[in-house]
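Student: The following file, model_35.cif, comprises mmCIF, C-alpha atoms and all ligand atoms:
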data_structure
loop_
_atom_site.group_PDB
_atom_site.id
_atom_site.type_symbol
_atom_site.label_atom_id
_atom_site.label_comp_id
_atom_site.auth_asym_id
_atom_site.auth_seq_id
_atom_site.Cartn_x
_atom_site.Cartn_y
_atom_site.Cartn_z
ATOM 1 C CA MET A 19 175.978 86.722 117.490
ATOM 2 C CA ILE A 20 178.066 85.336 120.362
ATOM 3 C CA GLU A 21 181.104 87.550 121.006
ATOM 4 C CA ALA A 22 184.546 86.561 122.277
ATOM 5 C CA MET A 23 184.577 86.256 126.058
ATOM 6 C CA ASN A 24 187.195 86.251 128.751
ATOM 7 C CA GLY A 25 185.223 85.359 131.881
ATOM 8 C CA LEU A 26 184.820 81.892 133.281
ATOM 9 C CA PHE A 27 181.659 79.850 132.793
ATOM 10 C CA ILE A 28 181.041 76.968 135.226
ATOM 11 C CA THR A 29 177.878 74.862 135.176
ATOM 12 C CA PHE A 30 176.499 72.391 137.726
ATOM 13 C CA GLU A 31 174.479 69.350 136.766
ATOM 14 C CA GLY A 32 172.916 66.254 138.243
ATOM 15 C CA ILE A 33 169.590 64.540 138.779
ATOM 16 C CA ASP A 34 167.100 66.102 141.207
ATOM 17 C CA GLY A 35 168.252 65.419 144.777
ATOM 18 C CA ALA A 36 171.962 65.309 143.867
ATOM 19 C CA GLY A 37 172.667 68.198 146.277
ATOM 20 C CA LYS A 38 174.319 70.839 144.066
ATOM 21 C CA SER A 39 173.062 74.000 145.768
ATOM 22 C CA THR A 40 175.196 74.210 148.906
ATOM 23 C CA HIS A 41 178.343 73.532 146.888
ATOM 24 C CA ILE A 42 177.518 76.235 144.331
ATOM 25 C CA GLU A 43 177.184 78.728 147.211
ATOM 26 C CA ARG A 44 180.397 77.537 148.806
ATOM 27 C CA LEU A 45 182.337 77.793 145.551
ATOM 28 C CA ALA A 46 180.982 81.325 145.027
ATOM 29 C CA GLN A 47 182.278 82.301 148.480
ATOM 30 C CA ALA A 48 185.688 80.723 147.843
ATOM 31 C CA LEU A 49 186.053 82.548 144.518
ATOM 32 C CA ARG A 50 184.943 85.876 146.017
ATOM 33 C CA ALA A 51 187.480 85.403 148.809
ATOM 34 C CA GLN A 52 190.130 85.299 146.054
ATOM 35 C CA GLY A 53 188.883 88.571 144.625
ATOM 36 C CA ARG A 54 186.816 87.237 141.712
ATOM 37 C CA VAL A 55 183.502 88.844 140.788
ATOM 38 C CA VAL A 56 180.953 86.020 140.776
ATOM 39 C CA THR A 57 177.492 85.917 139.211
ATOM 40 C CA LEU A 58 175.207 83.143 140.460
ATOM 41 C CA THR A 59 172.399 82.119 138.169
ATOM 42 C CA ARG A 60 170.266 79.144 137.177
ATOM 43 C CA GLU A 61 168.342 77.473 134.370
ATOM 44 C CA PRO A 62 165.630 77.416 133.405
ATOM 45 C CA GLY A 63 165.605 80.981 134.674
ATOM 46 C CA GLY A 64 168.042 83.790 135.391
ATOM 47 C CA THR A 65 166.006 86.576 133.713
ATOM 48 C CA PRO A 66 162.410 87.739 134.320
ATOM 49 C CA LEU A 67 161.247 86.130 131.063
ATOM 50 C CA ALA A 68 163.157 82.898 131.643
ATOM 51 C CA GLU A 69 161.807 82.661 135.213
ATOM 52 C CA GLN A 70 158.266 82.858 133.807
ATOM 53 C CA LEU A 71 159.110 80.092 131.336
ATOM 54 C CA ARG A 72 160.569 78.091 134.260
ATOM 55 C CA GLN A 73 157.226 78.166 136.066
ATOM 56 C CA MET A 74 155.518 76.734 132.981
ATOM 57 C CA VAL A 75 158.170 74.079 132.337
ATOM 58 C CA LEU A 76 158.164 72.925 135.966
ATOM 59 C CA ASN A 77 154.411 72.956 136.504
ATOM 60 C CA ASP A 78 152.338 72.751 133.319
ATOM 61 C CA PRO A 79 151.720 69.526 131.401
ATOM 62 C CA MET A 80 153.226 69.658 127.875
ATOM 63 C CA ASP A 81 154.822 67.344 125.357
ATOM 64 C CA ALA A 82 158.576 66.819 125.137
ATOM 65 C CA MET A 83 159.047 69.065 122.105
ATOM 66 C CA THR A 84 157.250 71.988 123.773
ATOM 67 C CA GLU A 85 159.365 71.431 126.872
ATOM 68 C CA ALA A 86 162.572 71.417 124.806
ATOM 69 C CA LEU A 87 161.612 74.579 122.908
ATOM 70 C CA LEU A 88 160.718 76.410 126.130
ATOM 71 C CA VAL A 89 163.976 75.520 127.918
ATOM 72 C CA PHE A 90 165.953 76.677 124.877
ATOM 73 C CA ALA A 91 163.870 79.874 124.591
ATOM 74 C CA ALA A 92 164.607 80.583 128.264
ATOM 75 C CA ARG A 93 168.291 79.815 127.606
ATOM 76 C CA ARG A 94 168.454 82.188 124.666
ATOM 77 C CA ASP A 95 167.160 85.078 126.782
ATOM 78 C CA HIS A 96 169.490 84.126 129.638
ATOM 79 C CA ILE A 97 172.572 83.965 127.377
ATOM 80 C CA HIS A 98 171.703 87.248 125.725
ATOM 81 C CA ARG A 99 170.910 89.224 128.879
ATOM 82 C CA VAL A 100 173.039 87.654 131.621
ATOM 83 C CA ILE A 101 175.635 85.078 130.538
ATOM 84 C CA GLN A 102 177.301 86.891 127.641
ATOM 85 C CA PRO A 103 177.465 90.282 129.394
ATOM 86 C CA ALA A 104 178.913 88.744 132.602
ATOM 87 C CA LEU A 105 181.564 86.804 130.659
ATOM 88 C CA ALA A 106 182.413 89.881 128.606
ATOM 89 C CA ARG A 107 183.025 91.760 131.883
ATOM 90 C CA GLY A 108 185.461 89.000 132.896
ATOM 91 C CA GLU A 109 183.311 87.627 135.727
ATOM 92 C CA VAL A 110 182.967 84.073 136.936
ATOM 93 C CA LEU A 111 179.505 82.825 136.088
ATOM 94 C CA LEU A 112 178.211 79.907 138.165
ATOM 95 C CA CYS A 113 175.104 78.461 136.542
ATOM 96 C CA ASP A 114 172.904 75.860 138.242
ATOM 97 C CA ARG A 115 172.142 73.696 135.160
ATOM 98 C CA PHE A 116 172.606 74.491 131.467
ATOM 99 C CA THR A 117 172.264 72.669 128.142
ATOM 100 C CA ASP A 118 173.472 69.289 129.440
ATOM 101 C CA ALA A 119 170.213 69.234 131.441
ATOM 102 C CA SER A 120 168.200 69.522 128.219
ATOM 103 C CA PHE A 121 170.010 66.508 126.767
ATOM 104 C CA ALA A 122 169.635 64.593 130.037
ATOM 105 C CA TYR A 123 165.984 65.477 130.846
ATOM 106 C CA GLN A 124 164.297 66.145 127.493
ATOM 107 C CA GLY A 125 166.614 63.872 125.468
ATOM 108 C CA ALA A 126 167.401 60.856 127.634
ATOM 109 C CA GLY A 127 164.562 61.271 130.163
ATOM 110 C CA ARG A 128 161.652 62.110 127.851
ATOM 111 C CA GLY A 129 163.048 60.486 124.710
ATOM 112 C CA PHE A 130 163.077 63.691 122.636
ATOM 113 C CA ASP A 131 165.215 63.615 119.468
ATOM 114 C CA TRP A 132 168.911 64.055 120.402
ATOM 115 C CA ASP A 133 169.831 65.447 116.948
ATOM 116 C CA ILE A 134 167.236 68.216 117.247
ATOM 117 C CA LEU A 135 168.735 69.102 120.641
ATOM 118 C CA VAL A 136 172.174 69.272 118.973
ATOM 119 C CA THR A 137 170.720 71.711 116.424
ATOM 120 C CA LEU A 138 169.019 73.808 119.117
ATOM 121 C CA GLU A 139 172.250 73.897 121.121
ATOM 122 C CA ARG A 140 174.240 75.122 118.104
ATOM 123 C CA TRP A 141 171.561 77.622 117.211
ATOM 124 C CA VAL A 142 171.025 79.117 120.676
ATOM 125 C CA GLN A 143 174.715 79.063 121.697
ATOM 126 C CA GLY A 144 175.965 80.439 118.381
ATOM 127 C CA GLY A 145 178.121 77.347 117.808
ATOM 128 C CA VAL A 146 180.765 78.633 120.250
ATOM 129 C CA LEU A 147 179.461 79.191 123.765
ATOM 130 C CA GLN A 148 180.164 76.211 126.045
ATOM 131 C CA PRO A 149 180.946 76.044 129.761
ATOM 132 C CA ASP A 150 184.655 76.050 130.643
ATOM 133 C CA LEU A 151 183.871 73.451 133.286
ATOM 134 C CA THR A 152 180.795 71.352 134.059
ATOM 135 C CA ILE A 153 180.632 69.811 137.515
ATOM 136 C CA TRP A 154 178.386 66.764 137.383
ATOM 137 C CA PHE A 155 177.064 65.587 140.763
ATOM 138 C CA ASP A 156 176.576 61.924 139.996
ATOM 139 C CA LEU A 157 174.183 60.156 142.359
ATOM 140 C CA PRO A 158 172.396 56.796 141.912
ATOM 141 C CA ALA A 159 168.697 57.361 141.155
ATOM 142 C CA ASN A 160 167.595 55.195 144.097
ATOM 143 C CA VAL A 161 169.613 57.322 146.548
ATOM 144 C CA ALA A 162 168.170 60.524 145.040
ATOM 145 C CA ALA A 163 164.646 59.088 145.421
ATOM 146 C CA LEU A 164 165.251 58.499 149.141
ATOM 147 C CA ARG A 165 166.599 62.042 149.550
ATOM 148 C CA LEU A 166 163.598 63.571 147.746
ATOM 149 C CA ALA A 167 160.988 61.510 149.617
ATOM 150 C CA GLY A 168 159.257 63.692 152.166
ATOM 151 C CA ALA A 169 160.935 66.867 150.909
ATOM 152 C CA ARG A 170 158.897 69.879 149.768
ATOM 153 C CA THR A 171 156.001 69.387 147.326
ATOM 154 C CA PRO A 172 157.609 67.865 144.236
ATOM 155 C CA ASP A 173 157.463 69.671 140.867
ATOM 156 C CA LYS A 174 156.769 67.926 137.546
ATOM 157 C CA PHE A 175 160.279 66.509 137.295
ATOM 158 C CA GLU A 176 160.804 65.636 140.960
ATOM 159 C CA SER A 177 157.655 63.514 140.885
ATOM 160 C CA GLN A 178 158.954 61.352 138.015
ATOM 161 C CA PRO A 179 159.617 57.654 138.762
ATOM 162 C CA GLN A 180 163.108 56.350 139.504
ATOM 163 C CA ALA A 181 163.411 54.873 135.979
ATOM 164 C CA PHE A 182 163.164 58.411 134.541
ATOM 165 C CA PHE A 183 166.134 59.536 136.662
ATOM 166 C CA GLU A 184 168.118 56.457 135.646
ATOM 167 C CA ARG A 185 167.680 57.568 132.026
ATOM 168 C CA VAL A 186 168.559 61.181 132.938
ATOM 169 C CA ALA A 187 171.780 59.993 134.623
ATOM 170 C CA GLY A 188 172.560 58.013 131.451
ATOM 171 C CA GLY A 189 172.065 61.225 129.450
ATOM 172 C CA TYR A 190 174.633 63.021 131.591
ATOM 173 C CA ALA A 191 177.059 60.112 131.135
ATOM 174 C CA SER A 192 176.654 60.367 127.329
ATOM 175 C CA ARG A 193 177.316 64.100 127.393
ATOM 176 C CA MET A 194 180.427 63.552 129.489
ATOM 177 C CA SER A 195 181.812 60.873 127.172
ATOM 178 C CA ALA A 196 181.258 63.165 124.176
ATOM 179 C CA ASP A 197 183.286 65.991 125.796
ATOM 180 C CA PRO A 198 185.286 64.528 128.719
ATOM 181 C CA GLY A 199 187.668 67.498 129.042
ATOM 182 C CA ARG A 200 184.814 69.822 129.983
ATOM 183 C CA PHE A 201 183.409 67.617 132.759
ATOM 184 C CA ALA A 202 184.389 66.858 136.337
ATOM 185 C CA ARG A 203 182.347 63.947 137.654
ATOM 186 C CA ILE A 204 181.775 64.183 141.402
ATOM 187 C CA ASN A 205 180.629 61.223 143.480
ATOM 188 C CA ALA A 206 177.600 62.833 145.164
ATOM 189 C CA ASP A 207 176.822 59.709 147.211
ATOM 190 C CA GLN A 208 178.984 60.856 150.145
ATOM 191 C CA ASP A 209 178.713 63.254 153.074
ATOM 192 C CA ALA A 210 178.690 66.955 152.159
ATOM 193 C CA GLN A 211 182.306 67.580 153.230
ATOM 194 C CA SER A 212 183.638 64.758 151.019
ATOM 195 C CA VAL A 213 181.573 66.036 148.089
ATOM 196 C CA TRP A 214 182.991 69.535 148.647
ATOM 197 C CA SER A 215 186.558 68.121 148.689
ATOM 198 C CA GLU A 216 185.963 66.687 145.215
ATOM 199 C CA VAL A 217 184.476 69.963 143.955
ATOM 200 C CA ASP A 218 187.427 71.872 145.419
ATOM 201 C CA ARG A 219 189.924 69.472 143.784
ATOM 202 C CA ALA A 220 188.168 69.760 140.396
ATOM 203 C CA VAL A 221 188.333 73.566 140.353
ATOM 204 C CA ARG A 222 191.947 73.590 141.563
ATOM 205 C CA GLU A 223 192.964 71.124 138.842
ATOM 206 C CA LYS A 224 191.511 73.564 136.310
ATOM 207 C CA GLY A 225 193.472 76.429 137.902
ATOM 208 C CA ILE A 226 190.207 78.176 138.855
ATOM 209 C CA LEU A 227 191.003 78.289 142.597
ATOM 210 C CA SER A 228 194.548 78.630 143.888
HETATM 211 P P1 LIG B 1 166.181 72.818 139.799
HETATM 212 O O1 LIG B 1 166.680 74.133 139.335
HETATM 213 O O2 LIG B 1 165.430 72.876 141.072
HETATM 214 O O3 LIG B 1 167.244 71.782 139.784
HETATM 215 O O4 LIG B 1 165.026 72.374 138.799
HETATM 216 C C1 LIG B 1 165.034 72.563 137.459
HETATM 217 C C2 LIG B 1 164.342 71.383 136.832
HETATM 218 O O5 LIG B 1 164.242 71.617 135.437
HETATM 219 C C3 LIG B 1 165.083 70.080 137.032
HETATM 220 O O6 LIG B 1 164.169 69.068 137.365
HETATM 221 C C4 LIG B 1 165.662 69.794 135.673
HETATM 222 C C5 LIG B 1 164.737 70.515 134.713
HETATM 223 N N1 LIG B 1 165.390 70.980 133.498
HETATM 224 C C6 LIG B 1 165.056 70.426 132.281
HETATM 225 O O7 LIG B 1 164.229 69.532 132.231
HETATM 226 N N2 LIG B 1 165.681 70.871 131.158
HETATM 227 C C7 LIG B 1 166.609 71.873 131.172
HETATM 228 O O8 LIG B 1 167.153 72.244 130.122
HETATM 229 C C8 LIG B 1 166.943 72.452 132.451
HETATM 230 C C9 LIG B 1 167.957 73.554 132.508
HETATM 231 C C10 LIG B 1 166.313 71.974 133.582
#
Please, can you express the file's structure as C-alpha cells?
Ligand code: TMP
Tutor:
Amino acid sequence: MIEAMNGLFITFEGIDGAGKSTHIERLAQALRAQGRVVTLTREPGGTPLAEQLRQMVLNDPMDAMTEALLVFAARRDHIHRVIQPALARGEVLLCDRFTDASFAYQGAGRGFDWDILVTLERWVQGGVLQPDLTIWFDLPANVAALRLAGARTPDKFESQPQAFFERVAGGYASRMSADPGRFARINADQDAQSVWSEVDRAVREKGILS
C-alpha cells in the first residue's frame, strides 16, 4: 500500500541525448543550498535489484512486453525501498526518469499496448503516487542523434534509429497533454545556461525554489 507522503517528487524525462544529467545535479545543489534534504536516484535502477534489472533491460534482447514488465518490476522495488521512504521523511526526491519513460519508450517507441501500461502504472504506483513535477527536456530527434553520434558505446536504446526517438518524443507529448499541470516542457535545443534558466523558472513557478 502507498502511504500518504509529504516530500517532493520531481522526475526528469526526455529522449536519449536530451542532456538532463547536468541540470539534475545543478537543481540538487540549488535545493541543498536552501536547506532541503535531496535524494538523487534514477530509473530503471535506484536499488541493487533494480540496477540488475537495468543491466538486462539496457543490454539484453527481449520483446516489448518483457521489457515493460522488467521496468515496472524495477520500479516497484524502487518505490518500495527508496521513493516512498524518502518522501515519507519529507525529502526532495529527484528521479532521472520514471513511468512517463515506460509510456514513451515501451508504449510509443516499441508499440506496446498503452492500456496495459496504464494498468501497470496503477498497480505499481498504488493508484496514487505521481510526481509533483515532471521536467521534460524536449529535443528534436535529429539533434539528439547528432549529440549521441561518437559518444560512448551506445546501449540498446541509444542505438535505435531516429524514427524510434521521434515516436518516443510523441509519447512524452501524449503524456503531457493527458496531465499538463504536472509537466514543465523545457526547450532542450539551446545552450546549457539557457536550458538551466528554463529549469530554474519551472521550479520557481511551482514554489519549489525561492
Ligand atoms: P538513461 O538512464 O541513461 O537515460 O537510460 C535509461 C534508458 O532506459 C533510456 O534509454 C530509456 C530507457 N527506459 C525505458 O525504456 N523504459 C523505462 O521505463 C525507463 C525508466 C527507461
Student: Find the residues near ligand LIG 1 (chain B). Use a cut-off of 8 Å, count all atoms listed in the file, and write them as a compact mmCIF listing (two decimals) with C-alpha atoms, keeping the file's coordinate frame.
Tutor:
# COMPACT_ATOMS: atom_id res chain seq x y z
CA ILE A 33 169.59 64.54 138.78
CA ASP A 34 167.10 66.10 141.21
CA ARG A 60 170.27 79.14 137.18
CA GLU A 61 168.34 77.47 134.37
CA PRO A 62 165.63 77.42 133.40
CA ARG A 72 160.57 78.09 134.26
CA VAL A 75 158.17 74.08 132.34
CA LEU A 76 158.16 72.92 135.97
CA GLU A 85 159.36 71.43 126.87
CA ALA A 86 162.57 71.42 124.81
CA VAL A 89 163.98 75.52 127.92
CA PHE A 90 165.95 76.68 124.88
CA ARG A 93 168.29 79.82 127.61
CA ASP A 114 172.90 75.86 138.24
CA ARG A 115 172.14 73.70 135.16
CA PHE A 116 172.61 74.49 131.47
CA THR A 117 172.26 72.67 128.14
CA ASP A 118 173.47 69.29 129.44
CA ALA A 119 170.21 69.23 131.44
CA SER A 120 168.20 69.52 128.22
CA PHE A 121 170.01 66.51 126.77
CA ALA A 122 169.64 64.59 130.04
CA TYR A 123 165.98 65.48 130.85
CA GLN A 124 164.30 66.14 127.49
CA ASP A 173 157.46 69.67 140.87
CA LYS A 174 156.77 67.93 137.55
CA PHE A 175 160.28 66.51 137.29
CA GLU A 176 160.80 65.64 140.96
Student: I'd like the residues picked by the PyMOL selection byres (((chain A and resi 127) around 8) and not hetatm) written out as a list in words, using the chain letters and numbers from the file.
Tutor: Ala122, Tyr123, Gln124, Gly125, Ala126, Arg128, Gly129, Phe182, Phe183, Arg185, Val186 and Gly189 of chain A
Student: What is the atom CA of Phe155 of chain A-atom CA of Gly32 of chain A distance in Å, reported with one decimal?
Tutor: 4.9 Å
Student: How would you write as a list in words the residues that get within 6 Å of (167.8, 81.0, 129.3) in the file's frame, counting all atoms listed in the file?
Tutor: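 Returned residue set, sorted by chain then number, is Pro62, Gly63, Ala68, Ala92, Arg93, Arg94, Asp95, His96 and Ile97 of chain A.
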Student: Selection in question (the file shown): the PyMOL selection byres (((chain A and resi 45-53) around 10) and not hetatm). Which residues does it include, as a PDB file with C-alpha atoms, in the coordinates of the input?
Tutor:
ATOM      1  CA  THR A  40     175.196  74.210 148.906  1.00  0.00           C
ATOM      2  CA  HIS A  41     178.343  73.532 146.888  1.00  0.00           C
ATOM      3  CA  ILE A  42     177.518  76.235 144.331  1.00  0.00           C
ATOM      4  CA  GLU A  43     177.184  78.728 147.211  1.00  0.00           C
ATOM      5  CA  ARG A  44     180.397  77.537 148.806  1.00  0.00           C
ATOM      6  CA  ARG A  54     186.816  87.237 141.712  1.00  0.00           C
ATOM      7  CA  VAL A  55     183.502  88.844 140.788  1.00  0.00           C
ATOM      8  CA  VAL A  56     180.953  86.020 140.776  1.00  0.00           C
ATOM      9  CA  THR A  57     177.492  85.917 139.211  1.00  0.00           C
ATOM     10  CA  LEU A  58     175.207  83.143 140.460  1.00  0.00           C
ATOM     11  CA  VAL A 110     182.967  84.073 136.936  1.00  0.00           C
ATOM     12  CA  LEU A 111     179.505  82.825 136.088  1.00  0.00           C
ATOM     13  CA  LEU A 112     178.211  79.907 138.165  1.00  0.00           C
ATOM     14  CA  TRP A 214     182.991  69.535 148.647  1.00  0.00           C
ATOM     15  CA  VAL A 217     184.476  69.963 143.955  1.00  0.00           C
ATOM     16  CA  ASP A 218     187.427  71.872 145.419  1.00  0.00           C
ATOM     17  CA  VAL A 221     188.333  73.566 140.353  1.00  0.00           C
ATOM     18  CA  ILE A 226     190.207  78.176 138.855  1.00  0.00           C
ATOM     19  CA  LEU A 227     191.003  78.289 142.597  1.00  0.00           C
ATOM     20  CA  SER A 228     194.548  78.630 143.888  1.00  0.00           C
TER      21      SER A 228
END
